[in-house]
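Visitor: Hey, dropping start-v1.cif in here, mmCIF, C-alpha atoms:
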data_entry
#
loop_
_atom_site.label_atom_id
_atom_site.label_comp_id
_atom_site.auth_asym_id
_atom_site.auth_seq_id
_atom_site.Cartn_x
_atom_site.Cartn_y
_atom_site.Cartn_z
CA MET T 1 74.30 64.41 107.93
CA SER T 2 77.46 66.49 107.29
CA ASN T 3 80.81 64.86 106.72
CA PRO T 4 83.41 65.09 109.52
CA PRO T 5 86.23 67.59 108.90
CA PHE T 6 89.37 66.40 107.16
CA ARG T 7 92.50 65.95 109.25
CA LEU T 8 95.09 68.69 108.68
CA SER T 9 98.54 68.48 110.27
CA VAL T 10 100.53 71.72 110.37
CA ILE T 11 104.26 71.27 111.00
CA THR T 12 107.00 73.83 111.60
CA ASN T 13 110.15 74.52 113.59
CA SER T 14 108.51 76.83 116.16
CA ILE T 15 104.98 77.76 117.21
CA SER T 16 106.12 80.82 119.15
CA ARG T 17 107.36 84.37 118.58
CA MET T 18 110.84 82.84 118.07
CA ASN T 19 109.66 82.19 114.49
CA GLY T 20 109.41 85.92 113.78
CA GLY T 21 106.86 86.99 111.17
CA ILE T 22 106.27 83.37 110.17
CA PHE T 23 104.65 82.82 113.56
CA ASP T 24 101.94 85.44 113.05
CA ALA T 25 101.25 84.32 109.49
CA MET T 26 101.09 80.62 110.32
CA LEU T 27 99.04 81.14 113.47
CA ASN T 28 96.37 83.31 111.87
CA LEU T 29 96.16 81.24 108.68
CA THR T 30 95.63 78.05 110.69
CA ILE T 31 92.95 79.70 112.84
CA ALA T 32 91.23 81.06 109.71
CA VAL T 33 91.23 77.63 108.06
CA ALA T 34 89.83 76.02 111.21
CA ALA T 35 87.03 78.60 111.27
CA GLU T 36 85.90 77.40 107.83
CA GLY T 37 85.00 74.06 109.44
CA ARG T 38 86.17 71.74 106.63
CA TYR T 39 89.56 70.93 108.20
CA ARG T 40 90.50 70.13 111.78
CA PRO T 41 94.12 71.15 112.31
CA GLN T 42 96.74 69.83 114.68
CA VAL T 43 100.06 71.66 114.94
CA PHE T 44 103.43 69.94 115.43
CA SER T 45 106.66 71.69 116.33
CA ALA T 46 109.91 71.67 118.25
CA CYS T 47 110.03 73.48 121.62
CA ASP T 48 111.79 76.76 122.29
CA ALA T 49 112.05 79.34 125.06
CA TYR T 50 108.65 80.93 124.31
CA THR T 51 106.57 77.86 123.44
CA ASP T 52 104.72 77.70 126.77
CA ARG T 53 104.01 81.44 126.77
CA ASP T 54 102.62 81.56 123.22
CA ARG T 55 100.81 78.24 123.10
CA ALA T 56 97.61 79.79 124.43
CA LEU T 57 97.38 82.01 121.33
CA TRP T 58 96.45 79.01 119.19
CA SER T 59 92.77 79.43 120.18
CA GLY T 60 91.88 75.86 121.08
CA ILE T 61 93.83 74.24 118.22
CA THR T 62 95.72 71.15 119.38
CA THR T 63 99.47 71.80 119.56
CA ARG T 64 102.08 69.10 120.10
CA VAL T 65 105.66 70.14 120.81
CA PHE T 66 108.86 68.18 121.31
CA PRO T 67 112.23 69.02 122.90
CA VAL T 68 115.18 69.77 120.65
CA ARG T 69 118.28 67.63 120.86
CA GLY T 70 121.52 68.81 119.37
CA PRO T 71 122.02 72.11 117.51
CA HIS T 72 118.96 74.37 117.56
CA ILE T 73 119.81 75.57 114.05
CA PHE T 74 118.72 72.14 112.75
CA GLY T 75 115.91 71.60 115.26
CA TYR T 76 116.04 67.82 115.66
CA ALA T 77 113.03 67.02 117.83
CA SER T 78 112.76 63.45 119.06
CA GLY T 79 109.19 62.18 118.75
CA LEU T 80 108.11 64.62 116.04
CA ALA T 81 108.17 62.05 113.23
CA ASP T 82 106.20 59.45 115.20
CA ALA T 83 103.65 62.05 116.26
CA LEU T 84 103.03 63.16 112.69
CA GLU T 85 102.62 59.56 111.57
CA SER T 86 100.17 58.74 114.35
CA SER T 87 98.03 61.80 113.55
CA ASN T 88 97.12 60.11 110.23
CA PRO T 89 96.41 63.39 108.41
CA ASP T 90 94.59 63.74 105.13
CA ILE T 91 96.98 66.56 104.23
CA VAL T 92 100.03 68.24 105.79
CA HIS T 93 100.95 71.91 105.61
CA VAL T 94 104.64 72.74 106.18
CA HIS T 95 105.68 76.25 107.29
CA SER T 96 109.33 77.28 106.83
CA ILE T 97 112.09 75.09 105.45
CA TRP T 98 115.78 74.12 105.87
CA MET T 99 115.28 72.37 109.22
CA TYR T 100 114.47 68.94 110.64
CA HIS T 101 110.72 69.18 110.11
CA SER T 102 111.31 69.24 106.32
CA LEU T 103 113.07 65.88 106.61
CA VAL T 104 110.22 64.50 108.74
CA VAL T 105 107.61 65.41 106.10
CA GLU T 106 109.72 64.18 103.17
CA ARG T 107 109.96 60.76 104.83
CA TRP T 108 106.28 60.74 105.85
CA ALA T 109 105.21 61.45 102.27
CA ARG T 110 107.11 58.59 100.64
CA ARG T 111 103.84 56.63 100.55
CA LYS T 112 102.36 59.21 98.14
CA ARG T 113 100.69 61.32 100.80
CA PRO T 114 100.01 65.00 99.95
CA TYR T 115 101.53 68.04 101.54
CA ILE T 116 101.83 71.80 100.91
CA VAL T 117 104.96 73.84 101.65
CA SER T 118 105.02 77.53 102.61
CA PRO T 119 108.68 78.68 102.48
CA HIS T 120 107.81 82.23 103.65
CA GLY T 121 110.46 83.90 101.51
CA LEU T 122 113.25 81.44 102.33
CA LEU T 123 113.81 80.60 98.65
CA LYS T 124 114.32 84.22 97.63
CA PRO T 125 117.83 85.02 96.29
CA TRP T 126 119.02 86.97 99.36
CA ALA T 127 117.80 84.23 101.70
CA LEU T 128 119.59 81.56 99.66
CA ARG T 129 122.85 83.52 99.82
CA ASN T 130 122.59 83.74 103.61
CA SER T 131 124.42 80.70 105.12
CA ARG T 132 124.84 79.47 101.54
CA TRP T 133 126.99 76.42 102.23
CA LYS T 134 124.75 75.11 105.02
CA LYS T 135 121.75 75.40 102.72
CA ARG T 136 123.54 73.64 99.88
CA ILE T 137 124.26 70.71 102.18
CA ALA T 138 120.68 70.65 103.46
CA ALA T 139 119.36 70.85 99.88
CA ARG T 140 121.37 67.84 98.82
CA LEU T 141 120.54 65.77 101.90
CA TYR T 142 116.79 66.38 102.16
CA GLU T 143 115.37 69.81 101.27
CA ASP T 144 115.32 69.45 97.48
CA LYS T 145 113.45 66.13 97.78
CA HIS T 146 111.05 67.76 100.23
CA LEU T 147 110.33 70.72 97.95
CA HIS T 148 110.04 68.74 94.71
CA GLY T 149 107.67 66.28 96.39
CA ALA T 150 105.09 68.85 97.49
CA ALA T 151 101.62 68.58 95.95
CA CYS T 152 101.56 72.40 95.96
CA LEU T 153 103.88 75.22 96.96
CA HIS T 154 102.48 78.30 98.67
CA ALA T 155 103.84 81.63 97.41
CA LEU T 156 102.89 84.89 99.08
CA ASN T 157 103.09 86.79 95.77
CA THR T 158 104.15 86.36 92.15
CA ALA T 159 107.73 87.42 92.96
CA GLU T 160 108.06 84.49 95.33
CA ALA T 161 106.44 82.20 92.76
CA ARG T 162 109.12 83.28 90.27
CA ALA T 163 111.77 82.45 92.86
CA PHE T 164 110.34 78.93 93.08
CA ARG T 165 110.66 78.50 89.32
CA GLU T 166 114.19 79.96 89.31
CA TYR T 167 115.12 77.40 91.95
CA GLY T 168 113.98 74.69 89.54
CA LEU T 169 110.66 73.73 91.12
CA LYS T 170 107.89 72.72 88.73
CA ASN T 171 105.17 72.01 91.30
CA PRO T 172 101.78 73.73 91.19
CA ILE T 173 101.91 77.00 93.12
CA CYS T 174 99.11 78.72 95.00
CA VAL T 175 99.60 82.49 95.30
CA ILE T 176 97.90 83.59 98.52
CA PRO T 177 99.11 86.62 100.55
CA ASN T 178 99.55 87.02 104.27
CA GLY T 179 96.92 88.96 106.14
CA THR T 180 96.38 90.89 109.34
CA LYS T 181 93.73 91.75 111.88
CA LEU T 182 92.19 95.20 111.70
CA ALA T 183 93.34 97.44 114.53
CA ALA T 184 90.63 99.23 116.49
CA VAL T 185 92.10 102.66 115.76
CA THR T 186 89.93 105.76 115.43
CA PHE T 187 90.64 109.09 113.78
CA SER T 188 90.73 110.72 117.21
CA ALA T 189 93.77 108.57 118.02
CA GLU T 190 95.70 110.38 115.27
CA LYS T 191 96.01 113.42 117.55
CA GLY T 192 98.07 111.45 120.09
CA ARG T 193 100.77 110.50 117.63
CA GLU T 194 104.32 111.77 117.85
CA ARG T 195 106.49 112.58 114.85
CA SER T 196 108.30 109.26 114.77
CA VAL T 197 109.27 106.79 112.06
CA LEU T 198 108.90 103.25 113.41
CA TYR T 199 110.75 100.09 112.46
CA LEU T 200 109.28 97.04 114.20
CA GLY T 201 110.78 93.64 113.40
CA ARG T 202 113.96 91.63 113.85
CA PHE T 203 117.38 93.18 114.28
CA HIS T 204 118.97 91.19 111.46
CA PRO T 205 121.28 92.15 108.57
CA SER T 206 118.61 91.23 106.01
CA LYS T 207 116.38 94.07 107.26
CA GLY T 208 118.63 96.83 105.87
CA LEU T 209 118.94 98.70 109.15
CA ARG T 210 122.57 99.74 108.59
CA SER T 211 121.48 101.51 105.43
CA LEU T 212 118.60 103.09 107.34
CA LEU T 213 120.98 104.56 109.92
CA GLU T 214 123.28 105.85 107.19
CA ALA T 215 120.24 107.45 105.55
CA TRP T 216 119.14 108.94 108.87
CA ARG T 217 122.53 110.65 109.14
CA VAL T 218 121.84 112.34 105.79
CA VAL T 219 118.44 113.67 106.94
CA HIS T 220 119.37 114.15 110.60
CA GLY T 221 119.38 117.94 110.49
CA GLN T 222 115.97 118.05 108.79
CA ALA T 223 114.60 115.49 111.26
CA LEU T 224 115.74 117.52 114.28
CA ALA T 225 114.45 120.78 112.82
CA ASN T 226 110.99 119.30 112.29
CA GLY T 227 110.76 117.22 115.47
CA TRP T 228 111.11 113.76 113.89
CA ASN T 229 112.77 110.79 115.56
CA LEU T 230 113.47 107.18 114.58
CA ILE T 231 112.34 104.24 116.72
CA LEU T 232 113.93 100.85 116.16
CA ALA T 233 112.13 98.05 118.01
CA GLY T 234 112.49 94.32 117.81
CA TRP T 235 114.09 91.01 118.51
CA ASP T 236 117.90 90.86 118.33
CA GLN T 237 119.61 88.24 116.18
CA LEU T 238 123.33 87.71 115.56
CA GLU T 239 124.05 90.56 118.04
CA HIS T 240 123.05 92.97 115.29
CA ARG T 241 121.47 95.49 117.67
CA ALA T 242 124.84 96.20 119.31
CA GLU T 243 126.37 96.81 115.87
CA LEU T 244 123.59 99.25 115.05
CA GLU T 245 123.94 101.12 118.34
CA GLN T 246 127.68 101.50 117.75
CA LEU T 247 126.98 102.74 114.23
CA ALA T 248 124.46 105.29 115.51
CA ASP T 249 127.05 106.58 117.98
CA SER T 250 129.77 106.80 115.34
CA LEU T 251 127.43 108.70 112.98
CA HIS T 252 126.48 111.14 115.81
CA ILE T 253 122.74 110.58 115.31
CA ARG T 254 121.87 108.89 118.60
CA SER T 255 120.02 111.95 119.92
CA SER T 256 117.10 111.32 117.54
CA ILE T 257 117.02 107.50 117.72
CA ARG T 258 115.45 105.19 120.29
CA PHE T 259 116.28 101.49 120.46
CA LEU T 260 113.63 99.26 122.00
CA GLY T 261 113.54 95.54 122.67
CA PRO T 262 110.89 93.09 121.45
CA GLN T 263 107.37 94.51 121.39
CA PHE T 264 104.45 92.11 121.64
CA ASP T 265 100.73 92.35 122.29
CA ALA T 266 99.84 95.63 124.08
CA ASP T 267 103.42 96.94 123.81
CA LYS T 268 103.36 96.49 120.04
CA ASP T 269 99.98 98.20 119.82
CA ARG T 270 101.32 101.18 121.76
CA CYS T 271 104.28 101.51 119.40
CA LEU T 272 102.03 101.49 116.35
CA ALA T 273 99.49 103.83 117.94
CA ARG T 274 102.12 106.47 118.75
CA ALA T 275 104.07 106.40 115.47
CA SER T 276 103.40 108.67 112.51
CA ALA T 277 104.96 106.42 109.85
CA PHE T 278 106.40 102.93 109.42
CA ILE T 279 109.58 101.93 107.59
CA LEU T 280 110.91 98.59 106.35
CA PRO T 281 114.18 98.90 104.36
CA SER T 282 114.48 95.13 103.94
CA LYS T 283 116.71 93.35 101.44
CA SER T 284 114.55 90.21 101.33
CA GLU T 285 110.96 89.44 102.39
CA GLY T 286 108.13 87.12 101.59
CA LEU T 287 105.16 89.36 102.34
CA PRO T 288 105.75 91.24 105.61
CA VAL T 289 102.87 91.15 108.07
CA SER T 290 104.45 94.15 109.81
CA ILE T 291 103.51 96.41 106.90
CA LEU T 292 99.95 95.09 106.85
CA GLU T 293 99.74 95.80 110.58
CA ALA T 294 101.04 99.33 110.04
CA TRP T 295 98.39 99.96 107.39
CA SER T 296 95.79 98.54 109.73
CA TRP T 297 96.85 101.28 112.18
CA ARG T 298 96.50 103.88 109.38
CA LEU T 299 100.24 104.52 109.10
CA PRO T 300 101.93 105.62 105.87
CA VAL T 301 104.67 103.16 104.95
CA LEU T 302 108.17 103.50 103.49
CA MET T 303 109.27 100.19 102.00
CA THR T 304 111.62 98.54 99.53
CA ARG T 305 110.55 96.62 96.44
CA GLU T 306 111.71 93.46 98.18
CA CYS T 307 108.68 93.77 100.47
CA ASN T 308 106.53 92.70 97.50
CA LEU T 309 103.63 95.01 98.29
CA GLU T 310 103.50 97.22 95.20
CA ALA T 311 99.73 97.39 95.70
CA GLY T 312 100.44 99.83 98.51
CA VAL T 313 102.10 102.27 96.14
CA ASP T 314 99.25 101.88 93.63
CA ALA T 315 96.78 102.64 96.43
CA GLY T 316 98.70 105.74 97.57
CA ALA T 317 99.55 104.13 100.92
CA ALA T 318 103.33 103.77 100.59
CA ILE T 319 106.54 105.39 99.40
CA MET T 320 108.78 102.98 97.48
CA MET T 321 112.56 103.04 97.91
CA GLU T 322 115.63 100.93 97.24
CA SER T 323 117.60 99.32 100.05
CA ASN T 324 120.52 101.77 99.84
CA ALA T 325 121.14 104.82 102.00
CA ASN T 326 120.60 107.44 99.28
CA SER T 327 117.23 106.04 98.25
CA ILE T 328 116.09 105.64 101.86
CA ALA T 329 117.14 109.23 102.60
CA ALA T 330 115.13 110.48 99.61
CA ALA T 331 112.06 108.58 100.86
CA LEU T 332 112.46 110.06 104.33
CA ARG T 333 112.73 113.57 102.92
CA ARG T 334 109.54 112.98 100.98
CA LEU T 335 107.80 111.82 104.16
CA PHE T 336 108.98 114.86 106.12
CA SER T 337 107.68 117.18 103.38
CA LEU T 338 104.13 115.84 103.62
CA SER T 339 101.50 117.66 105.63
CA ASP T 340 99.78 115.94 108.54
CA SER T 341 96.63 115.56 106.44
CA ASP T 342 98.59 114.02 103.56
CA ARG T 343 100.16 111.44 105.88
CA GLN T 344 96.75 110.65 107.33
CA LEU T 345 95.36 110.21 103.82
CA MET T 346 98.15 107.75 103.00
CA GLY T 347 97.44 105.81 106.18
CA THR T 348 93.72 105.69 105.45
CA SER T 349 94.47 104.35 101.96
CA GLY T 350 96.51 101.56 103.57
CA ARG T 351 93.68 100.73 105.94
CA ILE T 352 91.24 100.44 103.04
CA LEU T 353 93.68 98.21 101.15
CA VAL T 354 93.93 95.83 104.11
CA GLU T 355 90.14 95.76 104.48
CA GLN T 356 89.71 94.85 100.83
CA ARG T 357 92.55 92.38 100.23
CA PHE T 358 94.39 91.26 103.34
CA GLN T 359 91.93 89.97 105.93
CA TRP T 360 92.46 86.49 107.35
CA GLN T 361 88.91 85.28 106.72
CA GLN T 362 89.36 85.71 102.96
CA ILE T 363 92.78 84.10 103.07
CA GLY T 364 91.52 81.13 105.09
CA GLN T 365 88.81 80.53 102.50
CA ALA T 366 91.38 80.60 99.70
CA MET T 367 93.69 78.10 101.43
CA THR T 368 90.78 75.80 102.23
CA ALA T 369 89.95 75.71 98.51
CA VAL T 370 93.58 74.75 97.77
CA TYR T 371 93.43 71.87 100.25
CA ASP T 372 90.20 70.67 98.62
CA TRP T 373 91.84 70.78 95.17
CA VAL T 374 94.94 68.90 96.32
CA LEU T 375 92.71 66.18 97.80
CA GLU T 376 90.64 66.08 94.57
CA ARG T 377 87.54 67.22 96.43
CA GLY T 378 87.13 70.58 94.72
CA PRO T 379 87.85 72.51 91.51
CA LYS T 380 91.16 74.16 90.71
CA PRO T 381 91.15 77.59 92.44
CA ASP T 382 92.03 80.73 90.51
CA CYS T 383 95.09 81.23 92.75
CA ILE T 384 96.77 78.06 91.40
CA MET T 385 99.59 78.41 88.87
CA THR T 386 100.91 75.33 87.11
CA ASP T 387 104.33 74.97 85.47
CA GLY T 388 103.11 76.18 82.08
CA ASP T 389 101.43 79.34 83.38
CA CYS T 390 103.06 82.67 82.52
CA MET T 391 104.25 84.87 85.37
CA LEU T 392 104.60 88.61 84.78
#
Show me, as structure tokens, the structure contained in the file I just sent.

Guide:
Amino acid sequence: MSNPPFRLSVITNSISRMNGGIFDAMLNLTIAVAAEGRYRPQVFSACDAYTDRDRALWSGITTRVFPVRGPHIFGYASGLADALESSNPDIVHVHSIWMYHSLVVERWARRKRPYIVSPHGLLKPWALRNSRWKKRIAARLYEDKHLHGAACLHALNTAEARAFREYGLKNPICVIPNGTKLAAVTFSAEKGRERSVLYLGRFHPSKGLRSLLEAWRVVHGQALANGWNLILAGWDQLEHRAELEQLADSLHIRSSIRFLGPQFDADKDRCLARASAFILPSKSEGLPVSILEAWSWRLPVLMTRECNLEAGVDAGAAIMMESNANSIAAALRRLFSLSDSDRQLMGTSGRILVEQRFQWQQIGQAMTAVYDWVLERGPKPDCIMTDGDCML
């Protein structure tokens, strides 16, 4: 007779698209772990404007959500702490930090109960500098205790693991990437693509979009002569989209730029299917699912080192650049100089890379092994780094 699955409680600030790229990563990782059959997850979160719409995406996993009281930036959700306690989990997995759910878990764990924390890039240097004083206060009040108390920290790559150590954390670290689902794109679909460079993500200063527009001004003449345009699509934060539109007007490049709102589900697929290349000029990332999705759609990618996907360059699937206008312009010129067949070859290399290293089934198996190790029910996985391990 097989043993019943262990109880896994997943806790975060949002289970909807309001959580940006963290939402996709957390959702698909939890589904992949559940598919392994060793852990039965429940998900706990505060409510937001899209909770009801996106709840159905959790594929039969129990979700419990609670209304926010007070400032949404903190996310105090009455009932969240009691609900976590009553779920009596064997292990807790925390996604994202700096908000009320971190405090809930820190208090829950005071009786020596194990939990894993996935910061999703929020301990990287640029992220720490953003709203610095608020984070310093949160660190002193609860976040440092929460982070130091974790049985294991989840890093998306070795760069993020180094950021943990630089922050002063000595916990074991599991290095497990994000993943993506393979798009059902065929080679015949390549013929329907337009000459467009697509950005698809949040409109936020951390994404480097001002530098992208300044770079587009440099290559604007070449783009027009060769029929290229730039598509910027995504969710607006801090009214950054209006700033970008004003900048595009002042640089006199609006004729070759399209601004779109949030793109989800079929709308997102259409954007990726029509584009000829994908760009992410970000200043700070964990491991962006958007690039994995672009590779899944066989798109060549232009990205900064802060995207932490050097494997794409090694595989011939990406052009690396810095997050300044001159470097971005040079990368765009290189893209424009490629033949259609060369761009298709780059996109195919990205697709193969995703197939080999970034599928959710593999990632779910790796995280399940980490849970087993934390609960002393399995051996130490190869992805675990302890404080004495060397990081290149």

Visitor: Given the file shown, enumerate the residues that the PyMOL selection byres ((chain T and resi 93-100) around 6) captures and present them as a list in words.

Guide: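 When the PyMOL selection byres ((chain T and resi 93-100) around 6) is applied, the selected residues are Val10, Ile11, Thr12, Phe74, Gly75, Tyr76, Val92, His101, Ser102, Leu103, Tyr115, Ile116, Val117, Ser118 and Pro119 of chain T.
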
Visitor: To verify the selection step, state as a PyMOL selection string which residues the PyMOL selection byres ((chain T and resi 263) around 12) yields on this input.

Guide: chain T and resi 17+20+198-202+231-236+259-262+264-272+290

Visitor: Hey, can you spit out that residue selection with C-alpha atoms as a CSV table (one decimal), in the coordinates of the input?

Guide:
chain,number,residue,atom,x,y,z
T,17,ARG,CA,107.4,84.4,118.6
T,20,GLY,CA,109.4,85.9,113.8
T,198,LEU,CA,108.9,103.2,113.4
T,199,TYR,CA,110.8,100.1,112.5
T,200,LEU,CA,109.3,97.0,114.2
T,201,GLY,CA,110.8,93.6,113.4
T,202,ARG,CA,114.0,91.6,113.8
T,231,ILE,CA,112.3,104.2,116.7
T,232,LEU,CA,113.9,100.8,116.2
T,233,ALA,CA,112.1,98.0,118.0
T,234,GLY,CA,112.5,94.3,117.8
T,235,TRP,CA,114.1,91.0,118.5
T,236,ASP,CA,117.9,90.9,118.3
T,259,PHE,CA,116.3,101.5,120.5
T,260,LEU,CA,113.6,99.3,122.0
T,261,GLY,CA,113.5,95.5,122.7
T,262,PRO,CA,110.9,93.1,121.4
T,264,PHE,CA,104.4,92.1,121.6
T,265,ASP,CA,100.7,92.4,122.3
T,266,ALA,CA,99.8,95.6,124.1
T,267,ASP,CA,103.4,96.9,123.8
T,268,LYS,CA,103.4,96.5,120.0
T,269,ASP,CA,100.0,98.2,119.8
T,270,ARG,CA,101.3,101.2,121.8
T,271,CYS,CA,104.3,101.5,119.4
T,272,LEU,CA,102.0,101.5,116.4
T,290,SER,CA,104.4,94.2,109.8

Visitor: Would you translate the PyMOL selection byres ((chain T and resi 370) around 10) into the concrete set of residues it matches in this file, as a PyMOL selection string?

Guide: chain T and resi 116+152+154+173-174+176+364-369+371-384

Visitor: Could the residues of range 273-297 of chain T that have an atom at most 12 Å from range 21-40 of chain T be listed as JSON lines, each with its closest atom pair and the distance in Å to one decimal, counting only C-alpha atoms and ordered by chain and ascending residue number?

Guide:
{"residue": "T:Glu285", "atom": "CA", "partner": "T:Gly21", "partner_atom": "CA", "distance": 10.0}
{"residue": "T:Gly286", "atom": "CA", "partner": "T:Ile22", "partner_atom": "CA", "distance": 9.5}
{"residue": "T:Leu287", "atom": "CA", "partner": "T:Gly21", "partner_atom": "CA", "distance": 9.3}
{"residue": "T:Pro288", "atom": "CA", "partner": "T:Gly21", "partner_atom": "CA", "distance": 7.1}
{"residue": "T:Val289", "atom": "CA", "partner": "T:Gly21", "partner_atom": "CA", "distance": 6.5}
{"residue": "T:Ser290", "atom": "CA", "partner": "T:Gly21", "partner_atom": "CA", "distance": 7.7}
{"residue": "T:Ile291", "atom": "CA", "partner": "T:Gly21", "partner_atom": "CA", "distance": 10.9}
{"residue": "T:Leu292", "atom": "CA", "partner": "T:Ala25", "partner_atom": "CA", "distance": 11.2}
{"residue": "T:Glu293", "atom": "CA", "partner": "T:Asp24", "partner_atom": "CA", "distance": 10.9}

Visitor: Extract, using only C-alpha atoms, all DNA, RNA and protein residues at most 10 Å from Ala127 in chain T, discarding same-chain residues fewer than 3 positions from it, and format them as an mmCIF file with C-alpha atoms, keeping the file's coordinate frame.

Guide:
data_model
loop_
_atom_site.group_PDB
_atom_site.id
_atom_site.type_symbol
_atom_site.label_atom_id
_atom_site.label_comp_id
_atom_site.auth_asym_id
_atom_site.auth_seq_id
_atom_site.Cartn_x
_atom_site.Cartn_y
_atom_site.Cartn_z
ATOM 1 C CA GLY T 121 110.460 83.900 101.510
ATOM 2 C CA LEU T 122 113.250 81.440 102.330
ATOM 3 C CA LEU T 123 113.810 80.600 98.650
ATOM 4 C CA LYS T 124 114.320 84.220 97.630
ATOM 5 C CA ASN T 130 122.590 83.740 103.610
ATOM 6 C CA SER T 131 124.420 80.700 105.120
ATOM 7 C CA ARG T 132 124.840 79.470 101.540
ATOM 8 C CA LYS T 135 121.750 75.400 102.720
ATOM 9 C CA SER T 206 118.610 91.230 106.010
ATOM 10 C CA LYS T 283 116.710 93.350 101.440
ATOM 11 C CA SER T 284 114.550 90.210 101.330
ATOM 12 C CA GLU T 285 110.960 89.440 102.390
#

Visitor: Using all atoms listed in the file, find the one residue out of T:Lys170, T:Trp108, T:Arg129, T:Leu332 that sits nearest to Leu230 in chain T.

Guide: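 Ranking T:Lys170, T:Trp108, T:Arg129, T:Leu332 by distance to Leu230 in chain T, first place goes to T:Leu332.
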
Visitor: Give me, please, the distance in Å between CA of Ser9 in chain T and CA of Asp387 in chain T, quoted to one decimal.

Guide: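 Result for CA of Ser9 in chain T versus CA of Asp387 in chain T: 26.3 Å, one decimal.
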
Visitor: Give me the box for range 254-265 of chain T as AutoDock Vina command-line options, namely the centre and edge lengths in Å to one decimal of a box along x, y and z that holds every listed atom plus 3 Å on each side.

Guide:
--center_x 111.3 --center_y 102.0 --center_z 120.1 --size_x 27.1 --size_y 25.8 --size_z 11.1

Visitor: CA of His120 in chain T and CA of Gln237 in chain T, how far apart in Å?

Guide: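 Distance between the two atoms: 18.2 Å.
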
Visitor: With a distance cut-off of 10 Å and only C-alpha atoms, select the neighbouring residues of Ile352 in chain T, excluding the residue or stretch itself and same-chain residues fewer than 6 positions from it, and output the selection as a count of residues only.

Guide: 6

Visitor: Which neighbours of range 213-220 of chain T fall inside 12 Å, counting all atoms listed in the file, when residues of the same chain fewer than 5 positions from it are skipped, and could you give them as a VMD selection string?

Guide: chain T and resid 197 199 207 to 208 225 to 232 241 243 to 259 279 281 321 to 337

Visitor: With C-alpha atoms retained, write the just-selected residues as a tab-separated table (two decimals), in the frame of the given file.

Guide:
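Final output, saved to selection.tsv:
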chain	number	residue	atom	x	y	z
T	197	VAL	CA	109.27	106.79	112.06
T	199	TYR	CA	110.75	100.09	112.46
T	207	LYS	CA	116.38	94.07	107.26
T	208	GLY	CA	118.63	96.83	105.87
T	225	ALA	CA	114.45	120.78	112.82
T	226	ASN	CA	110.99	119.30	112.29
T	227	GLY	CA	110.76	117.22	115.47
T	228	TRP	CA	111.11	113.76	113.89
T	229	ASN	CA	112.77	110.79	115.56
T	230	LEU	CA	113.47	107.18	114.58
T	231	ILE	CA	112.34	104.24	116.72
T	232	LEU	CA	113.93	100.85	116.16
T	241	ARG	CA	121.47	95.49	117.67
T	243	GLU	CA	126.37	96.81	115.87
T	244	LEU	CA	123.59	99.25	115.05
T	245	GLU	CA	123.94	101.12	118.34
T	246	GLN	CA	127.68	101.50	117.75
T	247	LEU	CA	126.98	102.74	114.23
T	248	ALA	CA	124.46	105.29	115.51
T	249	ASP	CA	127.05	106.58	117.98
T	250	SER	CA	129.77	106.80	115.34
T	251	LEU	CA	127.43	108.70	112.98
T	252	HIS	CA	126.48	111.14	115.81
T	253	ILE	CA	122.74	110.58	115.31
T	254	ARG	CA	121.87	108.89	118.60
T	255	SER	CA	120.02	111.95	119.92
T	256	SER	CA	117.10	111.32	117.54
T	257	ILE	CA	117.02	107.50	117.72
T	258	ARG	CA	115.45	105.19	120.29
T	259	PHE	CA	116.28	101.49	120.46
T	279	ILE	CA	109.58	101.93	107.59
T	281	PRO	CA	114.18	98.90	104.36
T	321	MET	CA	112.56	103.04	97.91
T	322	GLU	CA	115.63	100.93	97.24
T	323	SER	CA	117.60	99.32	100.05
T	324	ASN	CA	120.52	101.77	99.84
T	325	ALA	CA	121.14	104.82	102.00
T	326	ASN	CA	120.60	107.44	99.28
T	327	SER	CA	117.23	106.04	98.25
T	328	ILE	CA	116.09	105.64	101.86
T	329	ALA	CA	117.14	109.23	102.60
T	330	ALA	CA	115.13	110.48	99.61
T	331	ALA	CA	112.06	108.58	100.86
T	332	LEU	CA	112.46	110.06	104.33
T	333	ARG	CA	112.73	113.57	102.92
T	334	ARG	CA	109.54	112.98	100.98
T	335	LEU	CA	107.80	111.82	104.16
T	336	PHE	CA	108.98	114.86	106.12
T	337	SER	CA	107.68	117.18	103.38

Visitor: So that I can check the surroundings of Gly79 in chain T, please list as a list in words every protein, DNA and RNA residue that reaches within 9 Å of it, counting all atoms listed in the file and ignoring chain neighbours fewer than 4 positions away.

Guide: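 The filter keeps Val65, Phe66, Pro67, Ala83 and Leu84 of chain T.
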
Visitor: Provide the CA of Leu128 in chain T to CA of Gln42 in chain T distance in Å, to one decimal place.

Guide: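 It comes out at 29.8 Å.
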